[in-house]
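Everything below belongs to input33.txt, which stores compact mmCIF, N, CA and C atoms and all ligand atoms.
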# COMPACT_ATOMS: atom_id res chain seq x y z
N MET A 1 -52.10 -3.68 -26.47
CA MET A 1 -51.80 -5.09 -26.27
C MET A 1 -50.71 -5.54 -27.26
N ASN A 2 -49.71 -6.26 -26.79
CA ASN A 2 -48.65 -6.68 -27.71
C ASN A 2 -48.98 -7.98 -28.45
N GLU A 3 -48.13 -8.31 -29.39
CA GLU A 3 -48.40 -9.43 -30.28
C GLU A 3 -48.53 -10.75 -29.52
N LYS A 4 -47.68 -10.89 -28.51
CA LYS A 4 -47.66 -12.11 -27.72
C LYS A 4 -48.98 -12.29 -26.97
N GLU A 5 -49.47 -11.19 -26.43
CA GLU A 5 -50.74 -11.24 -25.71
C GLU A 5 -51.89 -11.55 -26.66
N LEU A 6 -51.86 -10.91 -27.82
CA LEU A 6 -52.92 -11.15 -28.80
C LEU A 6 -52.95 -12.62 -29.22
N LYS A 7 -51.78 -13.18 -29.42
CA LYS A 7 -51.67 -14.58 -29.80
C LYS A 7 -52.27 -15.46 -28.71
N TYR A 8 -51.95 -15.10 -27.49
CA TYR A 8 -52.42 -15.87 -26.34
C TYR A 8 -53.96 -15.87 -26.30
N TYR A 9 -54.55 -14.69 -26.46
CA TYR A 9 -56.02 -14.62 -26.39
C TYR A 9 -56.67 -15.25 -27.62
N LYS A 10 -56.02 -15.13 -28.75
CA LYS A 10 -56.55 -15.75 -29.96
C LYS A 10 -56.62 -17.28 -29.78
N ASN A 11 -55.56 -17.82 -29.23
CA ASN A 11 -55.52 -19.24 -28.95
C ASN A 11 -56.63 -19.67 -28.01
N LYS A 12 -56.78 -18.88 -26.98
CA LYS A 12 -57.80 -19.13 -25.97
C LYS A 12 -59.19 -19.11 -26.61
N LEU A 13 -59.42 -18.11 -27.47
CA LEU A 13 -60.71 -17.98 -28.14
C LEU A 13 -60.96 -19.16 -29.07
N LEU A 14 -59.93 -19.55 -29.80
CA LEU A 14 -60.10 -20.66 -30.75
C LEU A 14 -60.40 -21.96 -30.03
N LYS A 15 -59.75 -22.16 -28.90
CA LYS A 15 -60.02 -23.37 -28.12
C LYS A 15 -61.44 -23.39 -27.60
N GLU A 16 -61.84 -22.24 -27.09
CA GLU A 16 -63.20 -22.09 -26.57
C GLU A 16 -64.22 -22.31 -27.69
N LYS A 17 -63.92 -21.77 -28.86
CA LYS A 17 -64.81 -21.90 -30.01
C LYS A 17 -64.98 -23.37 -30.39
N GLU A 18 -63.87 -24.08 -30.43
CA GLU A 18 -63.90 -25.49 -30.78
C GLU A 18 -64.79 -26.28 -29.83
N LYS A 19 -64.61 -25.97 -28.56
CA LYS A 19 -65.36 -26.65 -27.51
C LYS A 19 -66.86 -26.39 -27.69
N LEU A 20 -67.19 -25.12 -27.92
CA LEU A 20 -68.60 -24.75 -28.07
C LEU A 20 -69.19 -25.33 -29.34
N LEU A 21 -68.41 -25.34 -30.42
CA LEU A 21 -68.92 -25.88 -31.68
C LEU A 21 -69.32 -27.34 -31.54
N LYS A 22 -68.54 -28.08 -30.77
CA LYS A 22 -68.88 -29.48 -30.55
C LYS A 22 -70.22 -29.61 -29.87
N VAL A 23 -70.44 -28.77 -28.87
CA VAL A 23 -71.71 -28.80 -28.15
C VAL A 23 -72.85 -28.41 -29.08
N VAL A 24 -72.64 -27.32 -29.85
CA VAL A 24 -73.69 -26.83 -30.74
C VAL A 24 -74.03 -27.88 -31.79
N ARG A 25 -73.01 -28.51 -32.36
CA ARG A 25 -73.26 -29.53 -33.38
C ARG A 25 -74.08 -30.68 -32.83
N ARG A 26 -73.75 -31.06 -31.61
CA ARG A 26 -74.49 -32.15 -30.99
C ARG A 26 -75.95 -31.76 -30.82
N VAL A 27 -76.18 -30.53 -30.37
CA VAL A 27 -77.54 -30.06 -30.18
C VAL A 27 -78.27 -30.00 -31.52
N GLN A 28 -77.56 -29.51 -32.56
CA GLN A 28 -78.19 -29.41 -33.87
C GLN A 28 -78.53 -30.77 -34.44
N GLU A 29 -77.63 -31.72 -34.24
CA GLU A 29 -77.91 -33.07 -34.72
C GLU A 29 -79.14 -33.65 -34.04
N ASP A 30 -79.24 -33.40 -32.76
CA ASP A 30 -80.40 -33.88 -32.02
C ASP A 30 -81.68 -33.23 -32.53
N SER A 31 -81.63 -31.95 -32.80
CA SER A 31 -82.84 -31.26 -33.21
C SER A 31 -83.18 -31.60 -34.67
N LEU A 32 -82.18 -31.97 -35.46
CA LEU A 32 -82.44 -32.37 -36.84
C LEU A 32 -83.28 -33.62 -36.91
N LYS A 33 -83.05 -34.49 -35.95
CA LYS A 33 -83.80 -35.75 -35.93
C LYS A 33 -85.28 -35.50 -35.69
N SER A 34 -85.57 -34.50 -34.88
CA SER A 34 -86.96 -34.29 -34.52
C SER A 34 -87.64 -33.24 -35.39
N ASP A 35 -86.89 -32.28 -35.93
CA ASP A 35 -87.56 -31.29 -36.78
C ASP A 35 -86.68 -30.81 -37.92
N ASP A 36 -87.29 -30.40 -39.01
CA ASP A 36 -86.54 -30.13 -40.23
C ASP A 36 -86.20 -28.66 -40.47
N SER A 37 -86.59 -27.80 -39.56
CA SER A 37 -86.35 -26.37 -39.80
C SER A 37 -84.94 -25.96 -39.42
N SER A 38 -83.97 -26.46 -40.18
CA SER A 38 -82.59 -26.11 -39.90
C SER A 38 -82.11 -25.05 -40.88
N GLY A 39 -80.83 -24.78 -40.89
CA GLY A 39 -80.29 -23.86 -41.87
C GLY A 39 -80.01 -22.47 -41.32
N ASP A 40 -80.24 -22.28 -40.03
CA ASP A 40 -79.89 -20.98 -39.45
C ASP A 40 -78.38 -20.84 -39.34
N ASP A 41 -77.88 -19.74 -39.82
CA ASP A 41 -76.44 -19.49 -39.66
C ASP A 41 -76.20 -18.97 -38.25
N ILE A 42 -75.40 -19.73 -37.52
CA ILE A 42 -75.27 -19.39 -36.10
C ILE A 42 -74.51 -18.10 -35.83
N VAL A 43 -73.64 -17.69 -36.74
CA VAL A 43 -72.87 -16.49 -36.41
C VAL A 43 -73.28 -15.26 -37.23
N ASP A 44 -74.27 -15.42 -38.11
CA ASP A 44 -74.65 -14.29 -38.94
C ASP A 44 -75.81 -13.51 -38.34
N LYS A 45 -75.48 -12.61 -37.43
CA LYS A 45 -76.49 -11.73 -36.86
C LYS A 45 -75.96 -10.32 -37.02
N SER A 46 -76.80 -9.39 -37.43
CA SER A 46 -76.31 -8.02 -37.35
C SER A 46 -77.26 -7.22 -36.47
N LEU A 47 -76.68 -6.50 -35.55
CA LEU A 47 -77.47 -5.89 -34.50
C LEU A 47 -77.19 -4.40 -34.38
N GLY A 48 -78.21 -3.65 -33.94
CA GLY A 48 -78.00 -2.25 -33.59
C GLY A 48 -77.30 -2.16 -32.25
N THR A 49 -76.89 -0.95 -31.86
CA THR A 49 -76.09 -0.80 -30.66
C THR A 49 -76.78 -1.33 -29.40
N SER A 50 -78.02 -0.94 -29.17
CA SER A 50 -78.65 -1.36 -27.92
C SER A 50 -79.02 -2.83 -27.97
N GLU A 51 -79.40 -3.30 -29.15
CA GLU A 51 -79.66 -4.74 -29.31
C GLU A 51 -78.39 -5.53 -29.03
N ARG A 52 -77.30 -4.94 -29.52
CA ARG A 52 -76.00 -5.57 -29.34
C ARG A 52 -75.66 -5.66 -27.85
N GLU A 53 -75.90 -4.58 -27.14
CA GLU A 53 -75.63 -4.56 -25.70
C GLU A 53 -76.47 -5.61 -24.99
N HIS A 54 -77.76 -5.64 -25.32
CA HIS A 54 -78.66 -6.62 -24.70
C HIS A 54 -78.20 -8.04 -25.00
N SER A 55 -77.92 -8.25 -26.26
CA SER A 55 -77.54 -9.58 -26.70
C SER A 55 -76.27 -10.03 -25.98
N TYR A 56 -75.35 -9.08 -25.80
CA TYR A 56 -74.11 -9.41 -25.11
C TYR A 56 -74.36 -9.76 -23.65
N LEU A 57 -75.14 -8.91 -23.00
CA LEU A 57 -75.41 -9.12 -21.57
C LEU A 57 -76.15 -10.43 -21.33
N LEU A 58 -77.04 -10.75 -22.25
CA LEU A 58 -77.89 -11.92 -22.04
C LEU A 58 -77.30 -13.19 -22.65
N ALA A 59 -76.17 -13.07 -23.31
CA ALA A 59 -75.57 -14.25 -23.94
C ALA A 59 -75.34 -15.34 -22.91
N SER A 60 -76.00 -16.45 -23.09
CA SER A 60 -75.87 -17.49 -22.09
C SER A 60 -75.67 -18.86 -22.73
N ASN A 61 -76.27 -19.07 -23.89
CA ASN A 61 -76.09 -20.40 -24.46
C ASN A 61 -74.90 -20.43 -25.42
N GLU A 62 -74.55 -21.60 -25.86
CA GLU A 62 -73.35 -21.80 -26.67
C GLU A 62 -73.39 -20.98 -27.96
N THR A 63 -74.57 -20.93 -28.59
CA THR A 63 -74.67 -20.22 -29.86
C THR A 63 -74.41 -18.73 -29.67
N ASP A 64 -74.95 -18.15 -28.60
CA ASP A 64 -74.72 -16.74 -28.32
C ASP A 64 -73.24 -16.47 -28.10
N ILE A 65 -72.64 -17.32 -27.29
CA ILE A 65 -71.24 -17.11 -26.94
C ILE A 65 -70.35 -17.28 -28.17
N LEU A 66 -70.70 -18.23 -29.03
CA LEU A 66 -69.95 -18.40 -30.28
C LEU A 66 -69.95 -17.12 -31.11
N TYR A 67 -71.09 -16.47 -31.14
CA TYR A 67 -71.18 -15.22 -31.87
C TYR A 67 -70.17 -14.20 -31.34
N TRP A 68 -70.09 -14.08 -30.02
CA TRP A 68 -69.19 -13.10 -29.41
C TRP A 68 -67.73 -13.51 -29.55
N ILE A 69 -67.50 -14.80 -29.61
CA ILE A 69 -66.13 -15.26 -29.86
C ILE A 69 -65.71 -14.88 -31.28
N GLU A 70 -66.63 -15.04 -32.24
CA GLU A 70 -66.34 -14.63 -33.62
C GLU A 70 -66.02 -13.13 -33.67
N GLU A 71 -66.81 -12.36 -32.95
CA GLU A 71 -66.59 -10.92 -32.90
C GLU A 71 -65.21 -10.59 -32.34
N ALA A 72 -64.84 -11.32 -31.28
CA ALA A 72 -63.53 -11.08 -30.66
C ALA A 72 -62.40 -11.44 -31.61
N LEU A 73 -62.57 -12.53 -32.36
CA LEU A 73 -61.54 -12.94 -33.31
C LEU A 73 -61.39 -11.89 -34.42
N LYS A 74 -62.52 -11.32 -34.84
CA LYS A 74 -62.48 -10.24 -35.84
C LYS A 74 -61.70 -9.05 -35.29
N LYS A 75 -61.96 -8.76 -34.02
CA LYS A 75 -61.27 -7.63 -33.37
C LYS A 75 -59.76 -7.86 -33.33
N ILE A 76 -59.36 -9.08 -33.06
CA ILE A 76 -57.93 -9.36 -33.03
C ILE A 76 -57.32 -9.04 -34.40
N ASP A 77 -58.02 -9.46 -35.47
CA ASP A 77 -57.51 -9.17 -36.81
C ASP A 77 -57.50 -7.67 -37.12
N ASN A 78 -58.51 -6.97 -36.59
CA ASN A 78 -58.59 -5.53 -36.86
C ASN A 78 -57.71 -4.70 -35.95
N GLY A 79 -57.18 -5.34 -34.91
CA GLY A 79 -56.31 -4.61 -33.99
C GLY A 79 -57.04 -3.83 -32.91
N ASP A 80 -58.35 -4.10 -32.71
CA ASP A 80 -59.02 -3.39 -31.61
C ASP A 80 -59.53 -4.35 -30.53
N TYR A 81 -58.84 -5.45 -30.40
CA TYR A 81 -59.22 -6.41 -29.36
C TYR A 81 -58.83 -5.89 -27.97
N GLY A 82 -59.69 -6.15 -27.01
CA GLY A 82 -59.37 -5.77 -25.63
C GLY A 82 -59.69 -4.33 -25.29
N ILE A 83 -60.39 -3.65 -26.23
CA ILE A 83 -60.77 -2.26 -25.98
C ILE A 83 -62.29 -2.19 -25.83
N CYS A 84 -62.73 -1.54 -24.77
CA CYS A 84 -64.16 -1.44 -24.49
C CYS A 84 -64.88 -0.71 -25.62
N GLU A 85 -66.00 -1.31 -26.11
CA GLU A 85 -66.73 -0.71 -27.23
C GLU A 85 -67.48 0.55 -26.84
N ARG A 86 -67.65 0.73 -25.53
CA ARG A 86 -68.44 1.87 -25.09
C ARG A 86 -67.58 3.07 -24.72
N CYS A 87 -66.51 2.82 -23.98
CA CYS A 87 -65.72 3.97 -23.49
C CYS A 87 -64.28 3.96 -24.00
N ASN A 88 -63.95 2.96 -24.82
CA ASN A 88 -62.62 2.92 -25.44
C ASN A 88 -61.43 2.76 -24.50
N THR A 89 -61.68 2.33 -23.27
CA THR A 89 -60.54 2.05 -22.40
C THR A 89 -60.15 0.58 -22.56
N ASN A 90 -58.97 0.25 -22.12
CA ASN A 90 -58.53 -1.14 -22.20
C ASN A 90 -59.26 -2.00 -21.19
N ILE A 91 -59.71 -3.14 -21.64
CA ILE A 91 -60.34 -4.11 -20.74
C ILE A 91 -59.22 -4.84 -20.00
N SER A 92 -59.38 -5.03 -18.69
CA SER A 92 -58.28 -5.59 -17.91
C SER A 92 -57.99 -7.04 -18.30
N HIS A 93 -56.75 -7.42 -18.16
CA HIS A 93 -56.35 -8.79 -18.48
C HIS A 93 -57.06 -9.79 -17.59
N ARG A 94 -57.30 -9.37 -16.36
CA ARG A 94 -57.99 -10.28 -15.44
C ARG A 94 -59.36 -10.65 -15.99
N ARG A 95 -60.01 -9.66 -16.56
CA ARG A 95 -61.34 -9.88 -17.12
C ARG A 95 -61.27 -10.72 -18.40
N LEU A 96 -60.30 -10.42 -19.24
CA LEU A 96 -60.16 -11.17 -20.50
C LEU A 96 -59.76 -12.62 -20.24
N GLU A 97 -59.05 -12.82 -19.15
CA GLU A 97 -58.64 -14.16 -18.78
C GLU A 97 -59.88 -15.04 -18.52
N ILE A 98 -60.85 -14.46 -17.84
CA ILE A 98 -62.08 -15.20 -17.51
C ILE A 98 -63.02 -15.22 -18.71
N LYS A 99 -63.09 -14.09 -19.41
CA LYS A 99 -64.03 -13.94 -20.51
C LYS A 99 -63.31 -13.33 -21.70
N PRO A 100 -62.60 -14.15 -22.48
CA PRO A 100 -61.77 -13.61 -23.56
C PRO A 100 -62.58 -12.92 -24.66
N TYR A 101 -63.89 -13.13 -24.65
CA TYR A 101 -64.72 -12.48 -25.68
C TYR A 101 -65.39 -11.22 -25.14
N ALA A 102 -64.89 -10.70 -24.01
CA ALA A 102 -65.46 -9.47 -23.44
C ALA A 102 -65.32 -8.30 -24.41
N ILE A 103 -66.39 -7.52 -24.55
CA ILE A 103 -66.30 -6.33 -25.41
C ILE A 103 -66.51 -5.05 -24.62
N TYR A 104 -66.87 -5.19 -23.35
CA TYR A 104 -67.04 -4.02 -22.50
C TYR A 104 -66.18 -4.16 -21.25
N CYS A 105 -65.75 -3.02 -20.70
CA CYS A 105 -65.00 -3.05 -19.45
C CYS A 105 -65.98 -3.24 -18.29
N ILE A 106 -65.42 -3.49 -17.12
CA ILE A 106 -66.24 -3.74 -15.93
C ILE A 106 -67.20 -2.58 -15.64
N ASP A 107 -66.70 -1.35 -15.73
CA ASP A 107 -67.54 -0.19 -15.44
C ASP A 107 -68.76 -0.13 -16.36
N CYS A 108 -68.53 -0.36 -17.64
CA CYS A 108 -69.62 -0.30 -18.61
C CYS A 108 -70.62 -1.44 -18.39
N ILE A 109 -70.11 -2.61 -18.05
CA ILE A 109 -70.99 -3.74 -17.78
C ILE A 109 -71.92 -3.42 -16.61
N GLU A 110 -71.34 -2.84 -15.56
CA GLU A 110 -72.16 -2.51 -14.40
C GLU A 110 -73.23 -1.49 -14.78
N ASP A 111 -72.83 -0.55 -15.60
CA ASP A 111 -73.74 0.46 -16.09
C ASP A 111 -74.87 -0.15 -16.92
N LEU A 112 -74.50 -1.02 -17.83
CA LEU A 112 -75.47 -1.65 -18.71
C LEU A 112 -76.42 -2.54 -17.94
N GLU A 113 -75.87 -3.22 -16.94
CA GLU A 113 -76.74 -4.11 -16.16
C GLU A 113 -77.76 -3.33 -15.36
N LYS A 114 -77.35 -2.17 -14.92
CA LYS A 114 -78.30 -1.29 -14.22
C LYS A 114 -79.45 -0.92 -15.16
N ASN A 115 -79.08 -0.57 -16.40
CA ASN A 115 -80.09 -0.15 -17.38
C ASN A 115 -81.03 -1.28 -17.77
N ILE A 116 -80.45 -2.47 -17.88
CA ILE A 116 -81.25 -3.60 -18.33
C ILE A 116 -82.26 -3.99 -17.25
N GLY A 117 -81.89 -3.74 -16.00
CA GLY A 117 -82.79 -4.10 -14.91
C GLY A 117 -83.95 -3.14 -14.74
N SER A 118 -83.83 -1.94 -15.27
CA SER A 118 -84.89 -0.95 -15.02
C SER A 118 -85.90 -0.88 -16.14
ZN ZN B 201 -66.13 0.73 -20.88

Will you turn the file into structure tokens for me?
Ligand SMILES: [Zn+2]
Amino acid sequence: MNEKELKYYKNKLLKEKEKLLKVVRRVQEDSLKSDDSSGDDIVDKSLGTSEREHSYLLASNETDILYWIEEALKKIDNGDYGICERCNTNISHRRLEIKPYAIYCIDCIEDLEKNIGS
């Protein structure tokens, strides 16, 4: 991936992050009013490989997605953004366009989803 493309996806990720943070903050403020057990760091999770796969596949709420956006931003800095974590092939631009925080290619996702269902 060239520098221009990386910049493009980084921008996309940052915008998405901002949007999600607003939602998460609103939810946290609401929950603060009703209960005092706050202080969870939303992006500090460390996971094993299969936990990571599960967590990625099941990521549905804003906090989960924020975590994967952080991961993608780290990848951009490390220079391994857009490469599938499982098979090391390039993730297609079409896929990154829809899901800029994708860490697996389509083939691996299909594979993982099969495993998760069984
Ligand atoms: Zn793959």

Exercise. Can you check which residues of chain A DSSP gives as helix (DSSP H, G or I) on the backbone and send them as a VMD selection string?
Key: chain A and resid 3 to 34 49 to 58 62 to 78 93 to 98 106 to 117

Exercise. Using all atoms listed in the file, determine which residues lie at most 7 Å from Leu13 (chain A), disregarding the query and same-chain residues fewer than 4 positions distant; provide the list as a PyMOL selection string.
Key: chain A and resi 8-9+17-18+69+100-101

Self-check item: At most 8 Å from ligand ZN 201 (chain B) (all atoms listed in the file): residue list as an MDAnalysis selection string
Solution: chainID A and resid 83:91 103:109

Exercise. Go through A:Ala102, A:Arg26, A:Gly82, A:Tyr56 and flag the residue nearest Met1 (chain A), using all atoms listed in the file for the distances.
Key: A:Gly82

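For the pair CA of Leu6 (chain A) and atom N of Asp64 (chain A), the separation is 23.1 Å.
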
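Comparing A:Ser92, A:Ala72, A:Asn78, A:Glu62 by their smallest distance to Lys10 (chain A), the closest is A:Ala72 (using all atoms listed in the file).
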
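Interatomic distance, atom N of Glu16 (chain A) against CA of Asp111 (chain A): 27.9 Å.
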
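In this structure, atom N of Ile116 (chain A) sits 15.6 Å away from atom N of Ser60 (chain A).
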
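Across A:Glu53, A:Asp30, A:Glu70, A:Glu110, the tightest approach to Leu14 (chain A) is made by A:Glu70 when counting only C-alpha atoms.
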
Centre and edge lengths, as JSON, for the axis-aligned box enclosing every listed atom of region 85-96 of chain A with 6 Å of padding on each of the six sides, in Å to one decimal?
{"center_x": -62.4, "center_y": -4.3, "center_z": -21.3, "size_x": 24.1, "size_y": 28.6, "size_z": 23.8}

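Distance annotation: of A:Ala59, A:Ser50, A:Lys33, A:Leu66, the residue with the minimal separation from Leu21 (chain A) is A:Leu66; atom set is only C-alpha atoms.
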
Neighbours of Lys7 (chain A) within 9 Å (only C-alpha atoms; same-chain residues fewer than 5 positions away dropped), as an mmCIF file with N, CA and C atoms, in the frame of the given file?
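So the final result, stored in part07.cif, reads:
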data_model
loop_
_atom_site.group_PDB
_atom_site.id
_atom_site.type_symbol
_atom_site.label_atom_id
_atom_site.label_comp_id
_atom_site.auth_asym_id
_atom_site.auth_seq_id
_atom_site.Cartn_x
_atom_site.Cartn_y
_atom_site.Cartn_z
ATOM 1 N N ASN A 2 -49.710 -6.260 -26.790
ATOM 2 C CA ASN A 2 -48.650 -6.680 -27.710
ATOM 3 C C ASN A 2 -48.980 -7.980 -28.450
ATOM 4 N N LYS A 12 -56.780 -18.880 -26.980
ATOM 5 C CA LYS A 12 -57.800 -19.130 -25.970
ATOM 6 C C LYS A 12 -59.190 -19.110 -26.610
ATOM 7 N N ILE A 76 -59.360 -9.080 -33.060
ATOM 8 C CA ILE A 76 -57.930 -9.360 -33.030
ATOM 9 C C ILE A 76 -57.320 -9.040 -34.400
#
